[in-house]
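Q: File start-v4.cif follows (mmCIF, C-alpha atoms and all ligand atoms):
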data_upload
#
loop_
_atom_site.group_PDB
_atom_site.id
_atom_site.type_symbol
_atom_site.label_atom_id
_atom_site.label_comp_id
_atom_site.auth_asym_id
_atom_site.auth_seq_id
_atom_site.Cartn_x
_atom_site.Cartn_y
_atom_site.Cartn_z
ATOM 1 C CA MET Y 1 15.211 -4.350 -27.969
ATOM 2 C CA SER Y 2 15.940 -7.997 -28.662
ATOM 3 C CA ILE Y 3 14.788 -10.914 -26.566
ATOM 4 C CA SER Y 4 18.215 -11.287 -24.978
ATOM 5 C CA GLY Y 5 18.152 -7.593 -24.138
ATOM 6 C CA LEU Y 6 14.803 -8.049 -22.422
ATOM 7 C CA ILE Y 7 16.083 -11.043 -20.485
ATOM 8 C CA SER Y 8 19.088 -9.134 -19.273
ATOM 9 C CA LEU Y 9 16.816 -6.216 -18.351
ATOM 10 C CA ALA Y 10 14.629 -8.616 -16.348
ATOM 11 C CA PHE Y 11 17.603 -10.109 -14.575
ATOM 12 C CA THR Y 12 19.076 -6.708 -13.812
ATOM 13 C CA ALA Y 13 15.771 -5.382 -12.513
ATOM 14 C CA MET Y 14 15.090 -8.365 -10.323
ATOM 15 C CA ILE Y 15 18.482 -9.213 -8.859
ATOM 16 C CA ILE Y 16 21.312 -6.840 -9.634
ATOM 17 C CA GLU Y 17 19.486 -3.563 -9.193
ATOM 18 C CA ASN Y 18 17.099 -4.959 -6.657
ATOM 19 C CA VAL Y 19 14.661 -2.289 -5.469
ATOM 20 C CA ILE Y 20 15.231 -2.864 -1.807
ATOM 21 C CA LEU Y 21 18.841 -3.866 -1.521
ATOM 22 C CA ASN Y 22 20.337 -1.774 -4.281
ATOM 23 C CA GLN Y 23 18.045 1.211 -4.748
ATOM 24 C CA PHE Y 24 16.722 1.442 -1.200
ATOM 25 C CA LEU Y 25 13.117 1.913 -2.291
ATOM 26 C CA GLY Y 26 10.248 0.395 -0.352
ATOM 27 C CA ILE Y 27 12.172 -0.043 2.874
ATOM 28 C CA CYS Y 28 9.154 0.727 5.065
ATOM 29 C CA PRO Y 29 7.033 -2.330 4.198
ATOM 30 C CA PHE Y 30 10.243 -4.335 3.888
ATOM 31 C CA LEU Y 31 10.948 -3.856 7.586
ATOM 32 C CA GLY Y 32 7.333 -3.540 8.665
ATOM 33 C CA VAL Y 33 5.711 -6.657 7.223
ATOM 34 C CA SER Y 34 8.622 -9.084 7.218
ATOM 35 C CA LYS Y 35 8.085 -10.586 10.659
ATOM 36 C CA LYS Y 36 5.969 -13.440 9.351
ATOM 37 C CA ARG Y 37 6.476 -15.219 6.086
ATOM 38 C CA SER Y 38 2.805 -15.499 5.159
ATOM 39 C CA SER Y 39 2.147 -11.776 5.442
ATOM 40 C CA ALA Y 40 5.475 -10.971 3.767
ATOM 41 C CA VAL Y 41 4.485 -13.033 0.737
ATOM 42 C CA GLY Y 42 1.041 -11.430 0.755
ATOM 43 C CA MET Y 43 2.614 -7.974 0.794
ATOM 44 C CA GLY Y 44 4.983 -8.954 -2.004
ATOM 45 C CA VAL Y 45 2.158 -10.208 -4.193
ATOM 46 C CA ALA Y 46 0.070 -7.095 -3.533
ATOM 47 C CA VAL Y 47 3.063 -4.942 -4.488
ATOM 48 C CA VAL Y 48 3.581 -6.940 -7.700
ATOM 49 C CA ALA Y 49 -0.046 -6.336 -8.661
ATOM 50 C CA VAL Y 50 0.068 -2.635 -7.832
ATOM 51 C CA ILE Y 51 3.399 -1.910 -9.531
ATOM 52 C CA LEU Y 52 2.566 -3.818 -12.702
ATOM 53 C CA LEU Y 53 -0.858 -2.190 -13.059
ATOM 54 C CA SER Y 54 0.322 1.289 -12.133
ATOM 55 C CA GLY Y 55 3.318 0.892 -14.461
ATOM 56 C CA ILE Y 56 1.075 0.077 -17.416
ATOM 57 C CA ILE Y 57 -1.475 2.789 -16.642
ATOM 58 C CA THR Y 58 1.012 5.562 -15.917
ATOM 59 C CA TRP Y 59 3.118 4.702 -18.964
ATOM 60 C CA SER Y 60 0.046 4.762 -21.223
ATOM 61 C CA LEU Y 61 -1.225 7.978 -19.681
ATOM 62 C CA TYR Y 62 2.149 9.598 -20.219
ATOM 63 C CA ARG Y 63 2.520 8.382 -23.800
ATOM 64 C CA PHE Y 64 -1.009 9.020 -25.008
ATOM 65 C CA VAL Y 65 -2.289 11.877 -22.853
ATOM 66 C CA LEU Y 66 0.369 13.883 -21.073
ATOM 67 C CA SER Y 67 3.040 13.856 -23.754
ATOM 68 C CA PRO Y 68 0.848 14.875 -26.734
ATOM 69 C CA LEU Y 69 -0.699 17.655 -24.624
ATOM 70 C CA LYS Y 70 2.749 18.887 -23.530
ATOM 71 C CA MET Y 71 1.867 18.311 -19.908
ATOM 72 C CA GLU Y 72 4.921 16.300 -18.945
ATOM 73 C CA TYR Y 73 5.437 18.470 -15.896
ATOM 74 C CA MET Y 74 2.203 17.084 -14.447
ATOM 75 C CA GLN Y 75 3.490 13.529 -14.378
ATOM 76 C CA THR Y 76 4.191 13.314 -10.663
ATOM 77 C CA ILE Y 77 0.718 14.487 -9.640
ATOM 78 C CA VAL Y 78 -1.040 12.292 -12.175
ATOM 79 C CA PHE Y 79 1.021 9.260 -11.216
ATOM 80 C CA ILE Y 80 0.325 9.706 -7.536
ATOM 81 C CA LEU Y 81 -3.379 10.007 -8.299
ATOM 82 C CA VAL Y 82 -3.339 6.774 -10.292
ATOM 83 C CA ILE Y 83 -1.341 4.897 -7.650
ATOM 84 C CA ALA Y 84 -3.576 6.044 -4.813
ATOM 85 C CA ALA Y 85 -6.686 4.948 -6.691
ATOM 86 C CA LEU Y 86 -5.154 1.594 -7.577
ATOM 87 C CA VAL Y 87 -4.148 0.857 -4.007
ATOM 88 C CA GLN Y 88 -7.658 1.733 -2.904
ATOM 89 C CA MET Y 89 -9.059 -0.792 -5.352
ATOM 90 C CA VAL Y 90 -6.583 -3.496 -4.364
ATOM 91 C CA GLU Y 91 -7.567 -2.881 -0.766
ATOM 92 C CA LEU Y 92 -11.266 -3.295 -1.509
ATOM 93 C CA ILE Y 93 -10.670 -6.433 -3.548
ATOM 94 C CA LEU Y 94 -8.426 -7.987 -0.893
ATOM 95 C CA LYS Y 95 -10.934 -7.195 1.822
ATOM 96 C CA LYS Y 96 -13.497 -9.234 -0.053
ATOM 97 C CA THR Y 97 -11.353 -12.059 -1.373
ATOM 98 C CA SER Y 98 -8.897 -12.577 1.478
ATOM 99 C CA PRO Y 99 -9.936 -11.038 4.808
ATOM 100 C CA ALA Y 100 -7.141 -12.845 6.660
ATOM 101 C CA LEU Y 101 -4.465 -11.293 4.479
ATOM 102 C CA TYR Y 102 -6.250 -7.942 4.698
ATOM 103 C CA LYS Y 103 -6.004 -8.138 8.488
ATOM 104 C CA ALA Y 104 -2.383 -9.310 8.457
ATOM 105 C CA LEU Y 105 -1.244 -6.461 6.216
ATOM 106 C CA GLY Y 106 -3.150 -3.907 8.278
ATOM 107 C CA ILE Y 107 -1.891 -0.362 7.945
ATOM 108 C CA TYR Y 108 0.802 -1.416 5.467
ATOM 109 C CA LEU Y 109 -1.811 -2.058 2.818
ATOM 110 C CA PRO Y 110 -2.939 1.566 2.353
ATOM 111 C CA LEU Y 111 0.702 2.495 2.844
ATOM 112 C CA ILE Y 112 1.551 0.866 -0.492
ATOM 113 C CA THR Y 113 0.430 4.245 -1.824
ATOM 114 C CA THR Y 114 3.492 5.808 -0.294
ATOM 115 C CA ASN Y 115 5.723 2.867 -1.122
ATOM 116 C CA CYS Y 116 8.314 4.779 -3.091
ATOM 117 C CA ALA Y 117 9.051 1.709 -5.213
ATOM 118 C CA VAL Y 118 5.664 2.146 -6.905
ATOM 119 C CA LEU Y 119 6.185 5.773 -7.869
ATOM 120 C CA GLY Y 120 9.840 5.002 -8.522
ATOM 121 C CA VAL Y 121 9.062 2.370 -11.146
ATOM 122 C CA ALA Y 122 6.485 4.636 -12.809
ATOM 123 C CA LEU Y 123 9.017 7.475 -13.038
ATOM 124 C CA ILE Y 124 11.952 5.297 -14.126
ATOM 125 C CA ASN Y 125 9.794 3.859 -16.925
ATOM 126 C CA ILE Y 126 9.434 7.390 -18.257
ATOM 127 C CA ARG Y 127 12.937 8.607 -17.542
ATOM 128 C CA LYS Y 128 14.606 5.707 -19.308
ATOM 129 C CA ASP Y 129 12.173 6.101 -22.182
ATOM 130 C CA TYR Y 130 11.200 2.436 -22.209
ATOM 131 C CA ASN Y 131 9.032 1.074 -25.001
ATOM 132 C CA PHE Y 132 6.004 -1.073 -24.197
ATOM 133 C CA ALA Y 133 7.808 -4.428 -23.910
ATOM 134 C CA GLU Y 134 10.613 -3.000 -21.793
ATOM 135 C CA MET Y 135 8.111 -1.242 -19.564
ATOM 136 C CA ILE Y 136 6.192 -4.481 -18.961
ATOM 137 C CA VAL Y 137 9.364 -6.424 -18.202
ATOM 138 C CA PHE Y 138 10.707 -3.711 -15.915
ATOM 139 C CA SER Y 139 7.433 -3.202 -14.002
ATOM 140 C CA LEU Y 140 7.055 -6.945 -13.554
ATOM 141 C CA PHE Y 141 10.569 -7.874 -12.492
ATOM 142 C CA ILE Y 142 11.254 -4.989 -10.147
ATOM 143 C CA PRO Y 143 8.383 -6.009 -7.828
ATOM 144 C CA LEU Y 144 9.285 -9.687 -8.305
ATOM 145 C CA GLY Y 145 12.669 -8.750 -6.894
ATOM 146 C CA PHE Y 146 10.827 -7.100 -4.020
ATOM 147 C CA LEU Y 147 8.820 -10.284 -3.474
ATOM 148 C CA LEU Y 148 11.974 -12.406 -3.584
ATOM 149 C CA VAL Y 149 13.898 -10.310 -1.100
ATOM 150 C CA ILE Y 150 11.044 -9.776 1.336
ATOM 151 C CA THR Y 151 10.386 -13.532 1.345
ATOM 152 C CA ILE Y 152 14.035 -14.390 1.998
ATOM 153 C CA PHE Y 153 14.219 -11.706 4.638
ATOM 154 C CA SER Y 154 11.085 -12.889 6.455
ATOM 155 C CA MET Y 155 12.457 -16.419 6.597
ATOM 156 C CA LEU Y 156 15.690 -15.069 8.074
ATOM 157 C CA ARG Y 157 13.728 -13.058 10.598
ATOM 158 C CA GLU Y 158 11.677 -16.056 11.662
ATOM 159 C CA LYS Y 159 14.941 -17.854 12.365
ATOM 160 C CA ILE Y 160 16.438 -14.862 14.159
ATOM 161 C CA ASP Y 161 13.407 -14.752 16.441
ATOM 162 C CA THR Y 162 14.408 -18.060 17.939
ATOM 163 C CA ALA Y 163 18.111 -17.170 18.185
ATOM 164 C CA PRO Y 164 19.711 -15.709 21.310
ATOM 165 C CA VAL Y 165 20.145 -12.139 20.102
ATOM 166 C CA PRO Y 166 21.847 -9.706 22.543
ATOM 167 C CA LYS Y 167 19.242 -7.491 24.149
ATOM 168 C CA ALA Y 168 20.513 -4.264 22.587
ATOM 169 C CA PHE Y 169 20.132 -5.745 19.088
ATOM 170 C CA LYS Y 170 16.664 -7.238 19.472
ATOM 171 C CA GLY Y 171 14.017 -6.247 16.943
ATOM 172 C CA THR Y 172 14.812 -3.614 14.366
ATOM 173 C CA PRO Y 173 18.621 -3.298 14.879
ATOM 174 C CA ILE Y 174 19.293 -6.948 14.092
ATOM 175 C CA ALA Y 175 16.839 -6.713 11.185
ATOM 176 C CA LEU Y 176 18.771 -3.785 9.733
ATOM 177 C CA ILE Y 177 22.081 -5.596 10.150
ATOM 178 C CA THR Y 178 20.633 -8.663 8.427
ATOM 179 C CA ALA Y 179 19.364 -6.480 5.605
ATOM 180 C CA ALA Y 180 22.820 -4.938 5.225
ATOM 181 C CA ILE Y 181 24.481 -8.338 4.942
ATOM 182 C CA LEU Y 182 21.833 -9.428 2.470
ATOM 183 C CA ALA Y 183 22.529 -6.277 0.430
ATOM 184 C CA MET Y 184 26.242 -7.058 0.373
ATOM 185 C CA ILE Y 185 25.537 -10.567 -0.899
ATOM 186 C CA PHE Y 186 23.198 -9.259 -3.601
ATOM 187 C CA SER Y 187 25.681 -6.599 -4.685
ATOM 188 C CA ARG Y 188 28.033 -9.394 -5.787
ATOM 189 C CA PHE Y 189 25.527 -10.480 -8.426
ATOM 190 C CA GLY Y 190 26.630 -7.396 -10.344
ATOM 191 C CA GLY Y 191 29.666 -9.337 -11.533
ATOM 192 C CA LEU Y 192 27.466 -11.780 -13.433
ATOM 193 C CA ILE Y 193 26.737 -9.506 -16.362
ATOM 194 C CA MET R 1 -5.762 29.192 -20.759
ATOM 195 C CA ASP R 2 -2.497 27.480 -19.992
ATOM 196 C CA ILE R 3 -3.884 26.303 -16.722
ATOM 197 C CA LEU R 4 -7.327 25.279 -17.935
ATOM 198 C CA LEU R 5 -6.272 22.262 -19.974
ATOM 199 C CA PRO R 6 -4.109 20.626 -17.281
ATOM 200 C CA ALA R 7 -6.855 21.199 -14.746
ATOM 201 C CA LEU R 8 -9.422 19.636 -17.057
ATOM 202 C CA VAL R 9 -7.224 16.653 -17.849
ATOM 203 C CA LEU R 10 -6.415 16.089 -14.207
ATOM 204 C CA GLY R 11 -10.085 16.425 -13.305
ATOM 205 C CA ALA R 12 -11.046 13.939 -16.001
ATOM 206 C CA ILE R 13 -8.470 11.398 -14.827
ATOM 207 C CA GLY R 14 -9.614 11.843 -11.249
ATOM 208 C CA PHE R 15 -13.236 11.442 -12.283
ATOM 209 C CA VAL R 16 -12.594 8.196 -14.158
ATOM 210 C CA LEU R 17 -10.570 6.780 -11.266
ATOM 211 C CA GLY R 18 -13.242 7.795 -8.770
ATOM 212 C CA LEU R 19 -15.872 6.095 -10.889
ATOM 213 C CA LEU R 20 -13.784 2.924 -11.034
ATOM 214 C CA ILE R 21 -13.277 2.884 -7.271
ATOM 215 C CA ASN R 22 -16.990 3.327 -6.797
ATOM 216 C CA LEU R 23 -17.729 0.390 -9.098
ATOM 217 C CA VAL R 24 -15.142 -1.811 -7.400
ATOM 218 C CA SER R 25 -16.482 -0.940 -3.977
ATOM 219 C CA LYS R 26 -20.027 -1.839 -5.102
ATOM 220 C CA TYR R 27 -18.908 -5.068 -6.674
ATOM 221 C CA PHE R 28 -16.648 -6.129 -3.821
ATOM 222 C CA HIS R 29 -18.868 -4.889 -1.046
ATOM 223 C CA VAL R 30 -18.362 -6.731 2.243
ATOM 224 C CA GLU R 31 -21.226 -7.118 4.685
ATOM 225 C CA GLU R 32 -20.143 -5.758 8.022
ATOM 226 C CA ASP R 33 -21.535 -5.404 11.468
ATOM 227 C CA SER R 34 -24.074 -2.585 11.212
ATOM 228 C CA ARG R 35 -22.965 -1.318 14.624
ATOM 229 C CA ILE R 36 -19.595 -0.358 13.143
ATOM 230 C CA GLU R 37 -21.345 1.738 10.552
ATOM 231 C CA THR R 38 -23.424 3.660 13.084
ATOM 232 C CA ILE R 39 -20.382 4.354 15.244
ATOM 233 C CA GLU R 40 -18.338 5.438 12.261
ATOM 234 C CA ALA R 41 -21.101 7.815 11.208
ATOM 235 C CA MET R 42 -20.783 9.549 14.577
ATOM 236 C CA LEU R 43 -17.038 10.095 14.232
ATOM 237 C CA PRO R 44 -15.806 13.208 12.401
ATOM 238 C CA LYS R 45 -14.852 11.192 9.277
ATOM 239 C CA TYR R 46 -11.605 13.141 8.816
ATOM 240 C CA ASN R 47 -9.592 9.913 8.637
ATOM 241 C CA CYS R 48 -6.737 11.903 10.127
ATOM 242 C CA GLY R 49 -5.319 9.060 12.211
ATOM 243 C CA ALA R 50 -4.841 11.150 15.351
ATOM 244 C CA CYS R 51 -6.573 8.402 17.346
ATOM 245 C CA GLY R 52 -3.777 5.978 16.507
ATOM 246 C CA TYR R 53 -5.951 3.939 14.174
ATOM 247 C CA ALA R 54 -5.713 3.777 10.406
ATOM 248 C CA GLY R 55 -8.853 5.872 10.055
ATOM 249 C CA CYS R 56 -12.331 6.434 11.400
ATOM 250 C CA HIS R 57 -13.479 2.989 10.287
ATOM 251 C CA ASP R 58 -10.679 1.262 12.197
ATOM 252 C CA MET R 59 -11.354 3.467 15.186
ATOM 253 C CA ALA R 60 -15.030 2.449 15.111
ATOM 254 C CA ILE R 61 -14.008 -1.212 15.256
ATOM 255 C CA GLY R 62 -11.667 -0.407 18.134
ATOM 256 C CA LEU R 63 -14.474 1.376 19.990
ATOM 257 C CA LEU R 64 -16.836 -1.520 19.476
ATOM 258 C CA ASN R 65 -14.253 -3.961 20.839
ATOM 259 C CA LYS R 66 -13.658 -1.663 23.813
ATOM 260 C CA LYS R 67 -10.032 -1.318 22.778
ATOM 261 C CA ALA R 68 -10.264 2.413 22.128
ATOM 262 C CA MET R 69 -11.526 5.388 24.107
ATOM 263 C CA VAL R 70 -13.628 8.100 22.537
ATOM 264 C CA ASN R 71 -11.087 10.581 23.923
ATOM 265 C CA GLN R 72 -8.480 9.266 21.519
ATOM 266 C CA CYS R 73 -10.235 11.055 18.696
ATOM 267 C CA LYS R 74 -8.808 14.555 18.810
ATOM 268 C CA PRO R 75 -10.912 16.567 16.345
ATOM 269 C CA ILE R 76 -14.326 15.348 17.531
ATOM 270 C CA LYS R 77 -16.700 18.109 18.743
ATOM 271 C CA GLN R 78 -17.932 18.165 22.313
ATOM 272 C CA GLU R 79 -21.606 17.451 21.503
ATOM 273 C CA ALA R 80 -20.706 14.692 19.090
ATOM 274 C CA LYS R 81 -18.447 13.175 21.691
ATOM 275 C CA GLU R 82 -21.202 13.100 24.293
ATOM 276 C CA ALA R 83 -23.667 11.636 21.820
ATOM 277 C CA LEU R 84 -21.179 8.951 20.843
ATOM 278 C CA MET R 85 -20.393 8.076 24.448
ATOM 279 C CA ALA R 86 -24.106 7.759 25.233
ATOM 280 C CA HIS R 87 -24.580 5.601 22.165
ATOM 281 C CA LEU R 88 -21.710 3.310 23.162
ATOM 282 C CA ASP R 89 -22.984 3.033 26.740
ATOM 283 C CA GLU R 90 -26.357 1.966 25.445
ATOM 284 C CA LEU R 91 -24.792 -0.549 23.083
ATOM 285 C CA PHE R 92 -22.679 -2.148 25.772
ATOM 286 C CA LYS R 93 -25.568 -2.197 28.275
ATOM 287 C CA ALA R 94 -27.799 -3.932 25.766
ATOM 288 C CA GLU R 95 -25.023 -6.406 25.133
ATOM 289 C CA LYS R 96 -24.651 -7.173 28.813
ATOM 290 C CA THR R 97 -28.323 -7.848 29.426
ATOM 291 C CA SER R 98 -28.505 -10.055 26.372
ATOM 292 C CA THR R 99 -25.509 -12.156 27.462
ATOM 293 C CA ASN R 100 -26.869 -12.391 31.011
ATOM 294 C CA ASN R 101 -30.133 -13.850 29.840
HETATM 295 S S1 LIG V 201 -8.890 10.905 15.341
HETATM 296 FE FE1 LIG V 201 -11.095 10.927 14.973
HETATM 297 S S2 LIG V 201 -11.322 11.895 12.972
HETATM 298 FE FE2 LIG V 201 -9.189 11.273 13.147
HETATM 299 S S3 LIG V 201 -9.155 9.214 12.216
HETATM 300 FE FE3 LIG V 201 -9.439 8.934 14.415
HETATM 301 S S4 LIG V 201 -11.650 8.794 14.655
HETATM 302 FE FE4 LIG V 201 -11.302 9.688 12.650
#
Before anything else, please render the file you have as structure tokens.
Ligand code: SF4
A:
Amino acid sequence: MSISGLISLAFTAMIIENVILNQFLGICPFLGVSKKRSSAVGMGVAVVAVILLSGIITWSLYRFVLSPLKMEYMQTIVFILVIAALVQMVELILKKTSPALYKALGIYLPLITTNCAVLGVALINIRKDYNFAEMIVFSLFIPLGFLLVITIFSMLREKIDTAPVPKAFKGTPIALITAAILAMIFSRFGGLI
Amino acid sequence: MDILLPALVLGAIGFVLGLLINLVSKYFHVEEDSRIETIEAMLPKYNCGACGYAGCHDMAIGLLNKKAMVNQCKPIKQEAKEALMAHLDELFKAEKTSTNN
């Protein structure tokens, strides 16, 4: 794939087919950790690290171990194993390097394991038969899209907190409505390419 | 034979990952209050989350901060529960006398 192809893949992955707003993956942390901007950014960065690493490892495992041994059917189990181990390591490293962020992310940190965006990217890499460069671009820009949207969303939510929201809409309902409007806006980017 | 190879490969991958986690946890070890460790050792270590915490370690911190009750842990055995309660009582009593002085 040419450079321009890679750029358009990056743009598509990050904006047009955004994980959260277009593919509805990773909604749980998206709603759970978006109340404060600092923790939202922390979550986004942790997800970028996990998805990029797990993308590279699972892709290599598939190409060089599972595929030659005709064990493609094992991919889901192997991928989950890799992701769980990676999240565990990220957790340990964060606990040491940034205890404040570790505290702020709380239960959502181990829950990255079950963030379907992580497994989703690993599986899409295989399904679309990406080569190495495409895989790197895809596994980097999908979580960057996650980071972008969760940051925007947390800023919106901080503003909404100070707004006079009707009682019945307080909390999650207004968050979901905001997310829906955000998704509609992002869906228009599809016309760009 | 068809099942042996996948099992071996999966086992090998799991082994390598386990080794890596072990190394990372050694390298990034965080010194923690030793009281948390002793309390955690007295919990069942199932990490099932029935107590409402993210796992036994979290629950131990909650117990130490008097935010949690031992009763919240569902799978704990009766004897273990009594031992843990006694241990906590002692801890908190010692704390009180030391702050009073
Ligand atoms: S309920 Fe008990 S065993 Fe389960 S996680 Fe909590 S402390 Fe651990």
Q: Name the residues captured by the PyMOL selection byres (((chain Y and resi 84-94) around 7) and not hetatm) when it is applied to the shown file; answer as a PyMOL selection string.
A: (chain Y and resi 50+80-83+95-99+102+109-110+112-113) or (chain R and resi 17+21+24-25+28)
Q: Keeping C-alpha atoms for every residue in the selection just given, could you write it to a file as an mmCIF file, keeping the file's coordinate frame?
A:
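Contents of again-v7.cif, freshly written:
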data_model
loop_
_atom_site.group_PDB
_atom_site.id
_atom_site.type_symbol
_atom_site.label_atom_id
_atom_site.label_comp_id
_atom_site.auth_asym_id
_atom_site.auth_seq_id
_atom_site.Cartn_x
_atom_site.Cartn_y
_atom_site.Cartn_z
ATOM 1 C CA VAL Y 50 0.068 -2.635 -7.832
ATOM 2 C CA ILE Y 80 0.325 9.706 -7.536
ATOM 3 C CA LEU Y 81 -3.379 10.007 -8.299
ATOM 4 C CA VAL Y 82 -3.339 6.774 -10.292
ATOM 5 C CA ILE Y 83 -1.341 4.897 -7.650
ATOM 6 C CA LYS Y 95 -10.934 -7.195 1.822
ATOM 7 C CA LYS Y 96 -13.497 -9.234 -0.053
ATOM 8 C CA THR Y 97 -11.353 -12.059 -1.373
ATOM 9 C CA SER Y 98 -8.897 -12.577 1.478
ATOM 10 C CA PRO Y 99 -9.936 -11.038 4.808
ATOM 11 C CA TYR Y 102 -6.250 -7.942 4.698
ATOM 12 C CA LEU Y 109 -1.811 -2.058 2.818
ATOM 13 C CA PRO Y 110 -2.939 1.566 2.353
ATOM 14 C CA ILE Y 112 1.551 0.866 -0.492
ATOM 15 C CA THR Y 113 0.430 4.245 -1.824
ATOM 16 C CA LEU R 17 -10.570 6.780 -11.266
ATOM 17 C CA ILE R 21 -13.277 2.884 -7.271
ATOM 18 C CA VAL R 24 -15.142 -1.811 -7.400
ATOM 19 C CA SER R 25 -16.482 -0.940 -3.977
ATOM 20 C CA PHE R 28 -16.648 -6.129 -3.821
#
Q: Return as a PyMOL selection string the residues of protein, DNA or RNA that approach ligand LIG 201 (chain V) to within 12 Å, with all atoms listed in the file taken into account.
A: chain R and resi 39-63+68-77+80-81+84
Q: At a cut-off of 12 Å, list the chain R residues touching chain Y, using only C-alpha atoms, as an NGL selection string.
A: :R and (2-32 or 49 or 52-55 or 58)
Q: Using atom CA of R:Thr97 and atom CA of R:Gln78 as the two end points, give the distance in Å to one decimal.
A: 28.9 Å
Q: List the residues matched by the PyMOL selection byres (((chain Y and resi 132-137) around 8) and not hetatm) in the displayed structure as a PyMOL selection string, ordered by chain and then by residue number.
A: chain Y and resi 1+6+9-10+52+55-56+59+125+130-131+138-141
Q: Distance atom CA of R:Glu90-atom CA of R:Thr38, one decimal place?
A: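 Going from atom CA of R:Glu90 over to atom CA of R:Thr38 covers 12.8 Å.
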Q: Could you work out how far atom CA of Y:Ala40 lies from atom CA of Y:Gly190, giving the answer in Å with one decimal?
A: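 Computing it gives 25.7 Å between the two atoms.
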Q: For the structure provided, state which residues fall under the PyMOL selection byres (((chain Y and resi 16) around 12) and not hetatm), and present them as a PDB file with C-alpha atoms, in the coordinates of the input.
A:
ATOM      1  CA  SER Y   8      19.088  -9.134 -19.273  1.00  0.00           C
ATOM      2  CA  LEU Y   9      16.816  -6.216 -18.351  1.00  0.00           C
ATOM      3  CA  ALA Y  10      14.629  -8.616 -16.348  1.00  0.00           C
ATOM      4  CA  PHE Y  11      17.603 -10.109 -14.575  1.00  0.00           C
ATOM      5  CA  THR Y  12      19.076  -6.708 -13.812  1.00  0.00           C
ATOM      6  CA  ALA Y  13      15.771  -5.382 -12.513  1.00  0.00           C
ATOM      7  CA  MET Y  14      15.090  -8.365 -10.323  1.00  0.00           C
ATOM      8  CA  ILE Y  15      18.482  -9.213  -8.859  1.00  0.00           C
ATOM      9  CA  GLU Y  17      19.486  -3.563  -9.193  1.00  0.00           C
ATOM     10  CA  ASN Y  18      17.099  -4.959  -6.657  1.00  0.00           C
ATOM     11  CA  VAL Y  19      14.661  -2.289  -5.469  1.00  0.00           C
ATOM     12  CA  ILE Y  20      15.231  -2.864  -1.807  1.00  0.00           C
ATOM     13  CA  LEU Y  21      18.841  -3.866  -1.521  1.00  0.00           C
ATOM     14  CA  ASN Y  22      20.337  -1.774  -4.281  1.00  0.00           C
ATOM     15  CA  GLN Y  23      18.045   1.211  -4.748  1.00  0.00           C
ATOM     16  CA  PHE Y 141      10.569  -7.874 -12.492  1.00  0.00           C
ATOM     17  CA  ILE Y 142      11.254  -4.989 -10.147  1.00  0.00           C
ATOM     18  CA  GLY Y 145      12.669  -8.750  -6.894  1.00  0.00           C
ATOM     19  CA  PHE Y 146      10.827  -7.100  -4.020  1.00  0.00           C
ATOM     20  CA  VAL Y 149      13.898 -10.310  -1.100  1.00  0.00           C
ATOM     21  CA  ALA Y 183      22.529  -6.277   0.430  1.00  0.00           C
ATOM     22  CA  MET Y 184      26.242  -7.058   0.373  1.00  0.00           C
ATOM     23  CA  ILE Y 185      25.537 -10.567  -0.899  1.00  0.00           C
ATOM     24  CA  PHE Y 186      23.198  -9.259  -3.601  1.00  0.00           C
ATOM     25  CA  SER Y 187      25.681  -6.599  -4.685  1.00  0.00           C
ATOM     26  CA  ARG Y 188      28.033  -9.394  -5.787  1.00  0.00           C
ATOM     27  CA  PHE Y 189      25.527 -10.480  -8.426  1.00  0.00           C
ATOM     28  CA  GLY Y 190      26.630  -7.396 -10.344  1.00  0.00           C
ATOM     29  CA  GLY Y 191      29.666  -9.337 -11.533  1.00  0.00           C
ATOM     30  CA  LEU Y 192      27.466 -11.780 -13.433  1.00  0.00           C
ATOM     31  CA  ILE Y 193      26.737  -9.506 -16.362  1.00  0.00           C
TER      32      ILE Y 193
END
Q: Which centre and which edge lengths, in Å to one decimal, describe the axis-aligned box that holds all listed atoms of stretch 47-61 of chain Y after 5 Å is added on each side, as AutoDock Vina command-line options?
A:
--center_x 1.1 --center_y 0.5 --center_z -12.9 --size_x 15.1 --size_y 24.9 --size_z 26.7
